[in-house]
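The next block is query11.cif, given as mmCIF, C-alpha atoms.
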data_entry
loop_
_atom_site.label_atom_id
_atom_site.label_comp_id
_atom_site.auth_asym_id
_atom_site.auth_seq_id
_atom_site.Cartn_x
_atom_site.Cartn_y
_atom_site.Cartn_z
CA MET B 1 -128.94 -186.35 21.85
CA CYS B 2 -131.96 -188.14 23.34
CA GLY B 3 -135.17 -186.24 23.91
CA CYS B 4 -134.34 -183.75 21.19
CA ALA B 5 -136.32 -185.18 18.32
CA THR B 6 -138.47 -182.09 18.06
CA TYR B 7 -135.42 -179.90 17.76
CA SER B 8 -133.92 -181.98 15.02
CA LEU B 9 -137.21 -182.04 13.15
CA GLN B 10 -137.67 -178.32 13.29
CA MET B 11 -134.15 -177.18 12.75
CA PRO B 12 -131.90 -179.85 11.31
CA ASN B 13 -128.99 -177.51 10.72
CA ASP B 14 -129.06 -175.89 14.10
CA ILE B 15 -129.39 -178.91 16.30
CA VAL B 16 -125.85 -178.73 17.64
CA LEU B 17 -126.11 -175.02 18.17
CA GLU B 18 -129.45 -175.20 19.95
CA LEU B 19 -128.28 -177.94 22.26
CA ASP B 20 -125.14 -176.11 23.24
CA ALA B 21 -126.38 -172.54 23.27
CA GLY B 22 -129.64 -173.26 25.06
CA THR B 23 -128.25 -176.26 26.92
CA PRO B 24 -131.69 -177.83 27.40
CA SER B 25 -130.12 -181.27 27.81
CA GLU B 26 -127.75 -180.08 30.52
CA ALA B 27 -130.58 -178.31 32.28
CA MET B 28 -132.82 -181.32 32.04
CA TYR B 29 -130.37 -184.02 32.90
CA GLY B 30 -128.11 -182.10 35.23
CA ALA B 31 -125.06 -182.76 33.10
CA ARG B 32 -121.50 -181.95 34.09
CA GLU B 33 -120.67 -178.49 35.28
CA THR B 34 -118.75 -176.27 32.92
CA THR B 35 -117.35 -172.82 33.36
CA ALA B 36 -118.87 -170.15 31.15
CA ALA B 37 -115.59 -169.82 29.28
CA ALA B 38 -115.26 -173.51 28.59
CA ARG B 39 -118.84 -173.68 27.40
CA ASP B 40 -118.20 -170.68 25.21
CA THR B 41 -115.22 -172.34 23.58
CA LYS B 42 -117.15 -175.56 23.13
CA ARG B 43 -119.99 -173.68 21.49
CA ARG B 44 -117.64 -171.96 19.07
CA VAL B 45 -115.94 -175.17 18.14
CA THR B 46 -119.23 -176.95 17.42
CA MET B 47 -120.36 -173.96 15.41
CA ASN B 48 -117.21 -174.16 13.35
CA ALA B 49 -118.00 -177.74 12.52
CA GLU B 50 -121.50 -176.66 11.63
CA ARG B 51 -120.21 -174.09 9.17
CA ASN B 52 -119.54 -176.89 6.71
CA ASP B 53 -123.14 -176.42 5.68
CA ASP B 54 -122.99 -175.59 2.04
CA TRP B 55 -124.79 -172.27 2.17
CA ALA B 56 -123.27 -171.21 -1.15
CA ALA B 57 -125.30 -173.96 -2.87
CA TYR B 58 -128.46 -172.60 -1.22
CA VAL B 59 -127.73 -169.11 -2.57
CA LEU B 60 -127.16 -170.64 -6.01
CA ARG B 61 -130.58 -172.33 -5.79
CA VAL B 62 -132.16 -168.97 -4.96
CA LYS B 63 -130.30 -167.30 -7.81
CA GLU B 64 -131.04 -169.89 -10.47
CA HIS B 65 -134.42 -171.33 -9.50
CA GLN B 66 -135.91 -168.71 -7.14
CA ASP B 67 -136.04 -171.67 -4.74
CA LYS B 68 -138.22 -170.63 -1.78
CA GLN B 69 -137.29 -173.72 0.24
CA ALA B 70 -133.58 -172.91 -0.02
CA PHE B 71 -134.34 -169.31 0.92
CA ALA B 72 -136.34 -170.42 3.95
CA GLU B 73 -133.31 -172.40 5.16
CA LEU B 74 -131.01 -169.41 4.66
CA PHE B 75 -133.54 -167.21 6.43
CA ARG B 76 -133.84 -169.52 9.40
CA HIS B 77 -130.09 -169.58 9.87
CA PHE B 78 -129.08 -166.02 9.05
CA ALA B 79 -132.03 -163.74 9.91
CA PRO B 80 -131.79 -164.24 13.71
CA ARG B 81 -128.04 -163.65 13.52
CA VAL B 82 -128.45 -160.48 11.47
CA LYS B 83 -131.04 -159.26 13.96
CA ALA B 84 -128.65 -159.93 16.84
CA PHE B 85 -125.80 -158.23 14.98
CA LEU B 86 -127.90 -155.11 14.41
CA MET B 87 -129.04 -155.02 18.04
CA LYS B 88 -125.43 -155.29 19.21
CA SER B 89 -124.72 -152.37 16.89
CA GLY B 90 -127.29 -150.25 18.71
CA ALA B 91 -130.60 -150.89 16.93
CA GLU B 92 -133.64 -151.43 19.14
CA MET B 93 -135.68 -154.60 18.71
CA THR B 94 -138.30 -153.39 16.20
CA LEU B 95 -135.79 -151.62 13.96
CA ALA B 96 -133.46 -154.63 14.06
CA GLU B 97 -136.31 -156.94 13.05
CA GLU B 98 -137.32 -154.66 10.19
CA CYS B 99 -133.73 -154.26 8.96
CA ALA B 100 -133.02 -158.00 9.25
CA GLN B 101 -136.01 -158.66 6.96
CA GLU B 102 -134.68 -156.10 4.49
CA VAL B 103 -131.21 -157.66 4.63
CA MET B 104 -132.66 -161.08 3.86
CA ALA B 105 -134.75 -159.64 1.02
CA THR B 106 -131.54 -158.15 -0.41
CA LEU B 107 -129.94 -161.59 -0.21
CA TRP B 108 -132.67 -162.79 -2.58
CA THR B 109 -132.66 -159.82 -4.98
CA LYS B 110 -128.85 -159.65 -5.18
CA ALA B 111 -128.14 -163.38 -5.20
CA HIS B 112 -126.64 -162.96 -8.68
CA LEU B 113 -123.92 -160.67 -7.26
CA PHE B 114 -122.59 -163.17 -4.74
CA ASP B 115 -119.12 -164.42 -5.71
CA PRO B 116 -118.53 -167.70 -3.83
CA THR B 117 -114.84 -167.75 -4.82
CA ARG B 118 -114.10 -164.63 -2.74
CA ALA B 119 -116.36 -164.98 0.30
CA ASN B 120 -118.53 -167.48 2.12
CA VAL B 121 -122.21 -166.70 2.64
CA SER B 122 -121.74 -165.48 6.24
CA THR B 123 -119.29 -162.86 5.00
CA TRP B 124 -121.60 -161.78 2.21
CA VAL B 125 -124.54 -161.53 4.61
CA PHE B 126 -122.33 -159.50 6.94
CA THR B 127 -121.60 -156.96 4.18
CA ILE B 128 -125.32 -156.56 3.41
CA ALA B 129 -126.12 -156.16 7.12
CA ARG B 130 -123.27 -153.68 7.53
CA ASN B 131 -124.56 -151.55 4.65
CA LYS B 132 -128.05 -151.63 6.13
CA LYS B 133 -126.58 -150.53 9.46
CA ILE B 134 -124.78 -147.57 7.84
CA ASP B 135 -127.97 -146.57 6.05
CA ALA B 136 -130.48 -147.06 8.87
CA LEU B 137 -128.42 -146.36 11.98
CA ARG B 138 -125.62 -144.03 10.92
CA ARG B 139 -127.66 -142.40 8.15
CA GLN B 140 -124.65 -142.08 5.90
CA ARG B 141 -124.19 -143.08 2.30
CA ARG B 142 -121.91 -146.06 1.69
CA PRO B 143 -119.26 -145.49 -0.99
CA GLU B 144 -118.68 -148.89 -2.62
CA PRO B 145 -115.55 -149.94 -4.52
CA GLU B 146 -115.78 -150.50 -8.27
CA ASP B 147 -117.95 -153.52 -9.11
CA LEU B 148 -116.07 -156.45 -10.53
CA ALA B 149 -117.97 -158.22 -13.28
CA TRP B 150 -119.62 -161.39 -12.11
CA GLY B 151 -122.15 -162.87 -14.47
CA PRO B 152 -123.87 -166.15 -15.25
CA GLU B 153 -121.40 -166.72 -18.09
CA ALA B 154 -118.59 -167.10 -15.56
CA GLU B 155 -119.25 -170.28 -13.60
CA PRO B 156 -117.39 -170.44 -10.28
CA ASP B 157 -114.73 -173.12 -10.01
CA GLN B 158 -115.90 -175.52 -7.27
CA ALA B 159 -112.34 -176.01 -6.02
CA ASP B 160 -112.06 -172.24 -5.50
CA VAL B 161 -115.43 -172.21 -3.71
CA MET B 162 -114.23 -174.99 -1.40
CA SER B 163 -110.94 -173.22 -0.70
CA ILE B 164 -112.50 -169.95 0.39
CA GLN B 165 -114.95 -171.91 2.54
CA GLN B 166 -112.07 -173.67 4.28
CA GLU B 167 -110.07 -170.48 4.72
CA SER B 168 -113.15 -168.78 6.19
CA ASP B 169 -113.64 -171.65 8.64
CA GLN B 170 -109.99 -171.45 9.67
CA LEU B 171 -110.25 -167.72 10.18
CA ALA B 172 -113.47 -168.06 12.20
CA LYS B 173 -111.75 -170.58 14.43
CA ALA B 174 -108.74 -168.31 14.87
CA VAL B 175 -111.00 -165.38 15.78
CA ALA B 176 -112.89 -167.57 18.27
CA ASP B 177 -109.60 -168.69 19.80
CA LEU B 178 -108.18 -165.19 20.29
CA PRO B 179 -107.39 -164.21 23.87
CA GLU B 180 -110.56 -162.80 25.47
CA LYS B 181 -109.29 -159.21 25.64
CA GLN B 182 -108.22 -159.13 22.02
CA ARG B 183 -111.43 -160.73 20.83
CA GLU B 184 -113.38 -158.15 22.76
CA LEU B 185 -111.53 -155.35 20.96
CA ILE B 186 -112.30 -156.90 17.58
CA GLU B 187 -115.98 -157.18 18.50
CA ARG B 188 -116.07 -153.59 19.69
CA ALA B 189 -114.55 -152.48 16.38
CA TYR B 190 -117.16 -154.39 14.38
CA PHE B 191 -120.14 -153.48 16.53
CA GLY B 192 -119.25 -149.81 16.25
CA ASP B 193 -117.61 -148.87 19.55
CA LEU B 194 -114.15 -148.09 18.19
CA SER B 195 -113.17 -145.33 15.80
CA HIS B 196 -110.42 -145.84 13.21
CA SER B 197 -107.93 -144.01 15.42
CA GLU B 198 -108.66 -146.39 18.30
CA ILE B 199 -107.97 -149.50 16.24
CA ALA B 200 -104.45 -150.78 16.80
CA GLU B 201 -101.94 -150.79 13.96
CA GLU B 202 -101.44 -154.49 14.67
CA THR B 203 -104.82 -156.19 14.91
CA GLY B 204 -103.29 -159.59 15.71
CA LEU B 205 -105.65 -161.21 13.21
CA PRO B 206 -104.12 -163.99 11.11
CA LEU B 207 -105.35 -162.73 7.74
CA GLY B 208 -102.38 -163.78 5.60
CA THR B 209 -103.76 -167.00 4.10
CA ILE B 210 -107.30 -165.84 3.41
CA LYS B 211 -105.93 -162.65 1.88
CA SER B 212 -103.71 -164.64 -0.50
CA ARG B 213 -106.69 -166.79 -1.47
CA ILE B 214 -108.88 -163.75 -2.21
CA ARG B 215 -105.98 -162.16 -4.11
CA LEU B 216 -105.79 -165.24 -6.34
CA ALA B 217 -109.54 -165.13 -6.96
CA LEU B 218 -109.26 -161.45 -7.91
CA GLU B 219 -106.43 -162.19 -10.34
CA LYS B 220 -108.49 -164.91 -11.97
CA LEU B 221 -111.44 -162.54 -12.23
CA ARG B 222 -109.30 -159.79 -13.78
CA HIS B 223 -108.00 -162.32 -16.29
CA GLU B 224 -111.54 -163.37 -17.24
CA MET B 225 -112.69 -159.76 -17.51
CA ARG B 226 -110.07 -159.01 -20.14
CA MET N 1 -102.16 -151.90 -11.05
CA SER N 2 -98.90 -153.31 -9.82
CA SER N 3 -97.23 -149.90 -9.71
CA ILE N 4 -98.94 -148.80 -6.50
CA ASN N 5 -96.40 -148.43 -3.68
CA HIS N 6 -98.34 -146.64 -0.96
CA HIS N 7 -101.25 -148.51 0.60
CA LEU N 8 -103.98 -148.21 3.23
CA THR N 9 -103.38 -149.07 6.88
CA ASP N 10 -105.06 -152.05 8.56
CA ALA N 11 -106.90 -149.69 10.91
CA LEU N 12 -108.53 -147.86 7.99
CA LEU N 13 -109.38 -151.07 6.12
CA MET N 14 -110.86 -152.66 9.23
CA SER N 15 -112.84 -149.54 10.06
CA TYR N 16 -114.16 -149.36 6.49
CA ALA N 17 -114.95 -153.10 6.38
CA SER N 18 -116.79 -152.92 9.70
CA GLY N 19 -118.80 -149.92 8.51
CA THR N 20 -117.71 -147.45 11.20
CA LEU N 21 -115.47 -145.18 9.11
CA ASP N 22 -116.91 -141.75 8.28
CA GLU N 23 -118.29 -141.26 4.78
CA GLY N 24 -115.56 -138.77 3.78
CA PHE N 25 -112.72 -141.21 4.56
CA SER N 26 -114.76 -144.12 3.18
CA ILE N 27 -114.85 -142.49 -0.26
CA VAL N 28 -111.04 -142.39 -0.31
CA VAL N 29 -110.77 -146.01 0.86
CA ALA N 30 -113.34 -147.22 -1.72
CA THR N 31 -111.53 -145.30 -4.46
CA HIS N 32 -108.10 -146.67 -3.54
CA VAL N 33 -109.50 -150.21 -3.29
CA SER N 34 -110.94 -149.80 -6.80
CA LEU N 35 -107.40 -149.21 -8.07
CA CYS N 36 -105.53 -151.65 -5.80
CA ASP N 37 -106.37 -155.38 -5.70
CA GLU N 38 -103.88 -155.90 -2.88
CA CYS N 39 -105.90 -153.61 -0.58
CA ARG N 40 -109.17 -155.03 -1.93
CA ALA N 41 -108.05 -158.50 -0.85
CA ARG N 42 -107.06 -157.14 2.58
CA MET N 43 -110.42 -155.37 2.88
CA GLU N 44 -112.34 -158.52 1.95
CA SER N 45 -110.32 -160.42 4.59
CA PHE N 46 -111.55 -157.96 7.19
CA GLU N 47 -115.07 -158.54 5.88
CA ALA N 48 -114.52 -162.26 6.45
CA VAL N 49 -113.80 -161.43 10.10
CA GLY N 50 -117.20 -159.70 10.17
CA GLY N 51 -118.71 -162.85 8.67
CA SER N 52 -117.26 -164.96 11.46
CA LEU N 53 -118.71 -162.61 14.08
CA VAL N 54 -122.18 -162.79 12.49
CA GLU N 55 -121.92 -166.57 12.51
CA ASP N 56 -120.89 -166.59 16.14
CA VAL N 57 -123.31 -164.07 17.60
CA ASP N 58 -126.02 -165.30 20.00
CA SER N 59 -129.00 -165.13 17.66
CA VAL N 60 -132.20 -163.24 18.46
CA GLU N 61 -135.45 -164.87 17.38
CA MET N 62 -137.35 -163.27 14.53
CA THR N 63 -141.08 -162.54 14.81
CA GLU N 64 -143.45 -165.32 13.78
CA ASP N 65 -144.45 -163.94 10.39
CA ALA N 66 -140.97 -162.64 9.52
CA LEU N 67 -140.35 -165.00 6.61
CA GLU N 68 -143.74 -164.21 5.11
CA ALA N 69 -143.13 -160.47 5.50
CA THR N 70 -139.73 -160.86 3.84
CA MET N 71 -141.23 -162.74 0.89
CA ALA N 72 -143.65 -159.83 0.50
CA LEU N 73 -140.69 -157.41 0.48
CA ILE N 74 -139.08 -159.49 -2.25
CA SER N 75 -142.24 -159.47 -4.39
CA ALA N 76 -142.48 -155.70 -4.02
CA ALA N 77 -138.81 -155.11 -4.93
CA PRO N 78 -138.22 -153.38 -8.28
CA GLN N 79 -137.34 -155.89 -11.01
CA PHE N 80 -134.59 -153.83 -12.58
CA GLU N 81 -131.98 -152.14 -10.45
CA VAL N 82 -130.43 -148.85 -11.42
CA GLU N 83 -127.04 -149.56 -12.93
CA ARG N 84 -123.99 -147.75 -11.61
CA LYS N 85 -122.05 -145.54 -13.97
CA ALA N 86 -118.86 -147.26 -15.10
CA SER N 87 -115.47 -145.96 -13.97
CA GLY N 88 -114.26 -142.94 -15.93
CA ASN N 89 -110.84 -142.57 -17.50
CA VAL N 90 -109.55 -140.74 -14.44
CA LEU N 91 -112.17 -141.15 -11.71
CA PRO N 92 -112.89 -144.68 -10.43
CA GLN N 93 -116.49 -145.80 -9.98
CA PRO N 94 -117.07 -144.70 -6.34
CA LEU N 95 -116.06 -141.14 -7.27
CA CYS N 96 -118.16 -141.18 -10.44
CA ASP N 97 -121.10 -142.10 -8.18
CA TYR N 98 -120.59 -138.84 -6.26
CA ILE N 99 -119.60 -136.59 -9.18
CA GLY N 100 -122.18 -138.02 -11.58
CA GLY N 101 -119.52 -138.36 -14.28
CA ASP N 102 -115.77 -138.29 -14.94
CA LEU N 103 -113.17 -135.56 -14.50
CA GLU N 104 -114.74 -133.23 -17.09
CA ASP N 105 -117.96 -133.16 -15.03
CA VAL N 106 -116.28 -131.85 -11.84
CA HIS N 107 -117.33 -128.33 -10.78
CA TRP N 108 -114.01 -126.74 -9.83
CA LYS N 109 -113.52 -123.64 -7.71
CA PRO N 110 -110.19 -121.80 -7.95
CA VAL N 111 -108.44 -121.35 -4.59
CA GLY N 112 -105.39 -119.37 -5.74
CA GLY N 113 -102.01 -120.18 -7.30
CA GLY N 114 -103.70 -122.19 -10.04
CA VAL N 115 -104.94 -124.71 -7.47
CA LYS N 116 -108.60 -125.73 -7.83
CA GLN N 117 -110.85 -127.72 -5.54
CA SER N 118 -114.26 -129.35 -5.52
CA VAL N 119 -115.77 -130.27 -2.17
CA LEU N 120 -117.92 -133.40 -2.13
CA ASP N 121 -121.22 -133.48 -0.30
CA VAL N 122 -120.94 -135.93 2.61
CA VAL N 123 -122.32 -136.54 6.09
CA GLY N 124 -120.10 -136.96 9.18
CA GLY N 125 -116.91 -135.52 10.61
CA ALA N 126 -114.54 -136.04 7.68
CA GLN N 127 -114.47 -133.60 4.77
CA VAL N 128 -113.43 -134.74 1.34
CA ARG N 129 -112.45 -132.81 -1.79
CA LEU N 130 -110.90 -133.20 -5.19
CA LEU N 131 -107.81 -131.04 -5.66
CA SER N 132 -106.18 -130.00 -8.92
CA ILE N 133 -102.60 -128.72 -8.60
CA PRO N 134 -100.72 -127.37 -11.64
CA GLY N 135 -97.70 -129.47 -12.61
CA GLY N 136 -94.56 -128.19 -10.87
CA ALA N 137 -96.50 -126.16 -8.27
CA ALA N 138 -95.89 -126.57 -4.55
CA MET N 139 -98.67 -127.23 -2.11
CA PRO N 140 -98.51 -124.87 0.89
CA ASP N 141 -96.18 -126.17 3.60
CA HIS N 142 -98.47 -127.57 6.24
CA GLY N 143 -98.87 -129.91 9.15
CA HIS N 144 -101.94 -131.85 10.15
CA ASN N 145 -104.19 -131.76 13.20
CA GLY N 146 -106.01 -135.01 12.66
CA LEU N 147 -105.93 -137.66 9.97
CA GLU N 148 -105.45 -136.71 6.35
CA LEU N 149 -105.69 -139.09 3.41
CA THR N 150 -104.44 -138.02 -0.01
CA LEU N 151 -105.00 -140.29 -3.00
CA VAL N 152 -103.43 -139.47 -6.37
CA LEU N 153 -105.69 -139.97 -9.41
CA GLN N 154 -103.67 -138.23 -12.12
CA GLY N 155 -100.10 -136.94 -12.34
CA ALA N 156 -97.92 -137.31 -9.26
CA PHE N 157 -96.56 -135.41 -6.29
CA GLN N 158 -93.35 -135.67 -4.34
CA ASP N 159 -92.43 -134.71 -0.83
CA GLU N 160 -89.05 -134.83 0.90
CA ASP N 161 -89.06 -138.64 1.04
CA ASP N 162 -91.32 -140.14 -1.55
CA ARG N 163 -93.11 -140.04 -4.87
CA PHE N 164 -96.87 -140.61 -5.08
CA GLY N 165 -98.38 -141.57 -8.46
CA ARG N 166 -101.83 -142.72 -9.58
CA GLY N 167 -103.37 -145.04 -6.99
CA ASP N 168 -100.83 -144.20 -4.27
CA ILE N 169 -102.30 -143.05 -0.98
CA GLU N 170 -100.60 -140.93 1.64
CA VAL N 171 -101.84 -141.47 5.19
CA ALA N 172 -100.74 -138.48 7.26
CA ASN N 173 -101.26 -137.63 10.91
CA GLU N 174 -100.09 -134.85 13.22
CA ASP N 175 -96.47 -136.07 13.12
CA LEU N 176 -96.05 -135.33 9.45
CA HIS N 177 -94.81 -131.94 8.27
CA HIS N 178 -93.97 -131.88 4.63
CA THR N 179 -93.91 -129.85 1.44
CA PRO N 180 -95.47 -131.81 -1.38
CA ILE N 181 -94.73 -130.62 -4.92
CA ALA N 182 -96.74 -131.66 -7.97
CA GLU N 183 -94.52 -133.28 -10.57
CA ALA N 184 -93.91 -131.24 -13.72
CA GLY N 185 -96.24 -132.13 -16.56
CA GLN N 186 -100.00 -132.62 -16.35
CA ASP N 187 -102.05 -131.26 -13.46
CA CYS N 188 -101.96 -133.42 -10.37
CA ILE N 189 -105.49 -134.52 -9.42
CA CYS N 190 -105.85 -135.75 -5.83
CA LEU N 191 -108.70 -136.88 -3.64
CA ALA N 192 -108.09 -135.60 -0.12
CA ALA N 193 -110.03 -136.24 3.08
CA THR N 194 -109.41 -134.84 6.55
CA ASP N 195 -111.14 -134.65 9.91
CA ALA N 196 -109.42 -131.41 10.92
CA PRO N 197 -108.60 -128.11 9.19
CA LEU N 198 -105.03 -128.07 7.88
CA ARG N 199 -102.70 -125.72 9.67
CA PHE N 200 -100.23 -123.82 7.52
CA LYS N 201 -96.86 -122.71 8.81
CA GLY N 202 -96.49 -119.46 6.88
CA ILE N 203 -98.49 -116.30 7.60
CA LEU N 204 -99.69 -115.87 4.01
CA PRO N 205 -101.15 -119.32 3.59
CA ARG N 206 -102.80 -118.92 6.99
CA LEU N 207 -104.56 -115.78 5.76
CA ALA N 208 -105.57 -117.60 2.60
CA GLN N 209 -106.88 -120.47 4.71
CA ARG N 210 -109.60 -118.23 6.11
CA PHE N 211 -110.93 -117.61 2.64
CA VAL N 212 -110.61 -120.95 0.95
CA GLY N 213 -111.17 -123.21 3.92
CA ILE N 214 -108.39 -125.69 3.18
#
Starting from the coordinates I provided, produce the structure as structure tokens.
Amino acid sequence: MCGCATYSLQMPNDIVLELDAGTPSEAMYGARETTAAARDTKRRVTMNAERNDDWAAYVLRVKEHQDKQAFAELFRHFAPRVKAFLMKSGAEMTLAEECAQEVMATLWTKAHLFDPTRANVSTWVFTIARNKKIDALRRQRRPEPEDLAWGPEAEPDQADVMSIQQESDQLAKAVADLPEKQRELIERAYFGDLSHSEIAEETGLPLGTIKSRIRLALEKLRHEMR
Amino acid sequence: MSSINHHLTDALLMSYASGTLDEGFSIVVATHVSLCDECRARMESFEAVGGSLVEDVDSVEMTEDALEATMALISAAPQFEVERKASGNVLPQPLCDYIGGDLEDVHWKPVGGGVKQSVLDVVGGAQVRLLSIPGGAAMPDHGHNGLELTLVLQGAFQDEDDRFGRGDIEVANEDLHHTPIAEAGQDCICLAATDAPLRFKGILPRLAQRFVGI
């Protein structure tokens, strides 16, 4: 950790990521050799730990107080990832930058629609980025399912928020731990290389627990809507 | 909601969640999901997979003034968003978005035998239409070249094996040859999407096919 004070000052939340992804310490101090695969796994594991950041609280601060500081934190974490996601999906640099800014602006303007009992912030950001991709890259309209009421009168239960966060972390870890070939297929499906007919009937993704959790949240929501 | 017996496949849900499914099929998926919380939960699980990939991607640095530019976008954003029309009595919200209203607002075109259709305006390789089949009438006996999704919105139909009521979706591919019959009673309203023209077995329906394009 030594010699990294500037990193920690500039990006407190990303310090682990920056160290491992950029490996400045290993480069500087000639640390132990690691295979690319081992480093990859290590990076994913540290990132999983990092996901405990309570991004949902930041979105709440944006929603309730138009908190620019909270938004800046969200921006710093998510915008470069959205940009990368869009580039992997085929957008060139300038378009990806422009779209990533629009995605982040949508995060602000639609903060009131985020339901933290059904998704973590990464998932919500993914859906906004995906819709932007369909609009800007595929130039198709996105048919959206029926909106489920979510208003300020219905305060999210913190235990439910915690649960979906944990389930999302578990899922992320499981996806990261998939055999390389399988993980590659999943990535190709999400970055737009596979058509529906090329996706296997059995995806091998362990979605059972998170699905049950979301199902419960939906039932609760339906009950409240009545 | 609990009476739905026929659901979407993982491949369709994953393709829809990842944003790669054609618009025509996506309308059917979004409409089914509006009626089926089980498939909505599965779809949102696939979205969570997308979330994990976004979290795990090697990030690409934004330009220096990106945050400032984004704040400007936010300031310029309209204060009040256009509200979506609510679901109709028969048509769920995603369909109302396309039709601009409920069932009574659909512009039907007769295609013979009392069957009516209304083709929706979409981009991409999959065509999608609303079909209205008189109660008790048989659909032409046909097979399928590609993928065909049929979602029941009113009434019901039966084929040799199964019954499909409101919310049920039939996912058919080239292996399926069947003769669906609309249940007696009210007209059966279906939303059907396909990426290939249907092929009919009989000579008469095949002639008709050239005129009606189903």
Considering only C-alpha atoms, extract the chain N residues located within 7 Å of chain B and return them as a PDB file with C-alpha atoms, in the coordinates of the input.
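For reference, out-v7.pdb as written:
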ATOM      1  CA  ASP N  10    -105.060-152.050   8.560  1.00  0.00           C
ATOM      2  CA  ALA N  11    -106.900-149.690  10.910  1.00  0.00           C
ATOM      3  CA  LEU N  12    -108.530-147.860   7.990  1.00  0.00           C
ATOM      4  CA  SER N  15    -112.840-149.540  10.060  1.00  0.00           C
ATOM      5  CA  SER N  18    -116.790-152.920   9.700  1.00  0.00           C
ATOM      6  CA  GLY N  19    -118.800-149.920   8.510  1.00  0.00           C
ATOM      7  CA  THR N  20    -117.710-147.450  11.200  1.00  0.00           C
ATOM      8  CA  LEU N  21    -115.470-145.180   9.110  1.00  0.00           C
ATOM      9  CA  GLU N  23    -118.290-141.260   4.780  1.00  0.00           C
ATOM     10  CA  SER N  26    -114.760-144.120   3.180  1.00  0.00           C
ATOM     11  CA  ILE N  27    -114.850-142.490  -0.260  1.00  0.00           C
ATOM     12  CA  ALA N  30    -113.340-147.220  -1.720  1.00  0.00           C
ATOM     13  CA  THR N  31    -111.530-145.300  -4.460  1.00  0.00           C
ATOM     14  CA  VAL N  33    -109.500-150.210  -3.290  1.00  0.00           C
ATOM     15  CA  SER N  34    -110.940-149.800  -6.800  1.00  0.00           C
ATOM     16  CA  ASP N  37    -106.370-155.380  -5.700  1.00  0.00           C
ATOM     17  CA  GLU N  38    -103.880-155.900  -2.880  1.00  0.00           C
ATOM     18  CA  ALA N  41    -108.050-158.500  -0.850  1.00  0.00           C
ATOM     19  CA  ARG N  42    -107.060-157.140   2.580  1.00  0.00           C
ATOM     20  CA  SER N  45    -110.320-160.420   4.590  1.00  0.00           C
ATOM     21  CA  GLU N  47    -115.070-158.540   5.880  1.00  0.00           C
ATOM     22  CA  ALA N  48    -114.520-162.260   6.450  1.00  0.00           C
ATOM     23  CA  VAL N  49    -113.800-161.430  10.100  1.00  0.00           C
ATOM     24  CA  GLY N  50    -117.200-159.700  10.170  1.00  0.00           C
ATOM     25  CA  GLY N  51    -118.710-162.850   8.670  1.00  0.00           C
ATOM     26  CA  SER N  52    -117.260-164.960  11.460  1.00  0.00           C
ATOM     27  CA  VAL N  54    -122.180-162.790  12.490  1.00  0.00           C
ATOM     28  CA  GLU N  55    -121.920-166.570  12.510  1.00  0.00           C
ATOM     29  CA  ASP N  56    -120.890-166.590  16.140  1.00  0.00           C
ATOM     30  CA  VAL N  57    -123.310-164.070  17.600  1.00  0.00           C
ATOM     31  CA  ASP N  58    -126.020-165.300  20.000  1.00  0.00           C
ATOM     32  CA  SER N  59    -129.000-165.130  17.660  1.00  0.00           C
ATOM     33  CA  VAL N  60    -132.200-163.240  18.460  1.00  0.00           C
ATOM     34  CA  GLU N  61    -135.450-164.870  17.380  1.00  0.00           C
ATOM     35  CA  MET N  62    -137.350-163.270  14.530  1.00  0.00           C
ATOM     36  CA  ALA N  66    -140.970-162.640   9.520  1.00  0.00           C
ATOM     37  CA  THR N  70    -139.730-160.860   3.840  1.00  0.00           C
ATOM     38  CA  LEU N  73    -140.690-157.410   0.480  1.00  0.00           C
ATOM     39  CA  ILE N  74    -139.080-159.490  -2.250  1.00  0.00           C
ATOM     40  CA  PRO N  92    -112.890-144.680 -10.430  1.00  0.00           C
ATOM     41  CA  GLN N  93    -116.490-145.800  -9.980  1.00  0.00           C
ATOM     42  CA  PRO N  94    -117.070-144.700  -6.340  1.00  0.00           C
ATOM     43  CA  VAL N 123    -122.320-136.540   6.090  1.00  0.00           C
TER      44      VAL N 123
END
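Atom CA of Val29 of chain N lies 13.3 Å from atom CA of Leu147 of chain N.
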Listed atoms of segment 204-213 of chain B boxed along x, y and z, 8 Å each side, centre and edge lengths in Å, one decimal, as AutoDock Vina command-line options:
--center_x -104.8 --center_y -163.3 --center_z 7.1 --size_x 20.9 --size_y 23.4 --size_z 33.2
(message) For a test of reading the model, state the distance in Å between atom CA of Gly165 of chain N and atom CA of Cys190 of chain N, rounded to one decimal.
(response) 9.8 Å
(request) Counting only C-alpha atoms, figure out which residue out of N:Thr194, N:Cys96, N:Pro134, N:Glu44 gets nearest to Asn173 of chain N. (result)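 Distance minimum relative to Asn173 of chain N lands on N:Thr194.
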(request) Work out how far atom CA of Pro110 of chain N is from atom CA of Arg129 of chain N, in Å to one decimal. (result)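 These atoms are spaced 12.8 Å apart.
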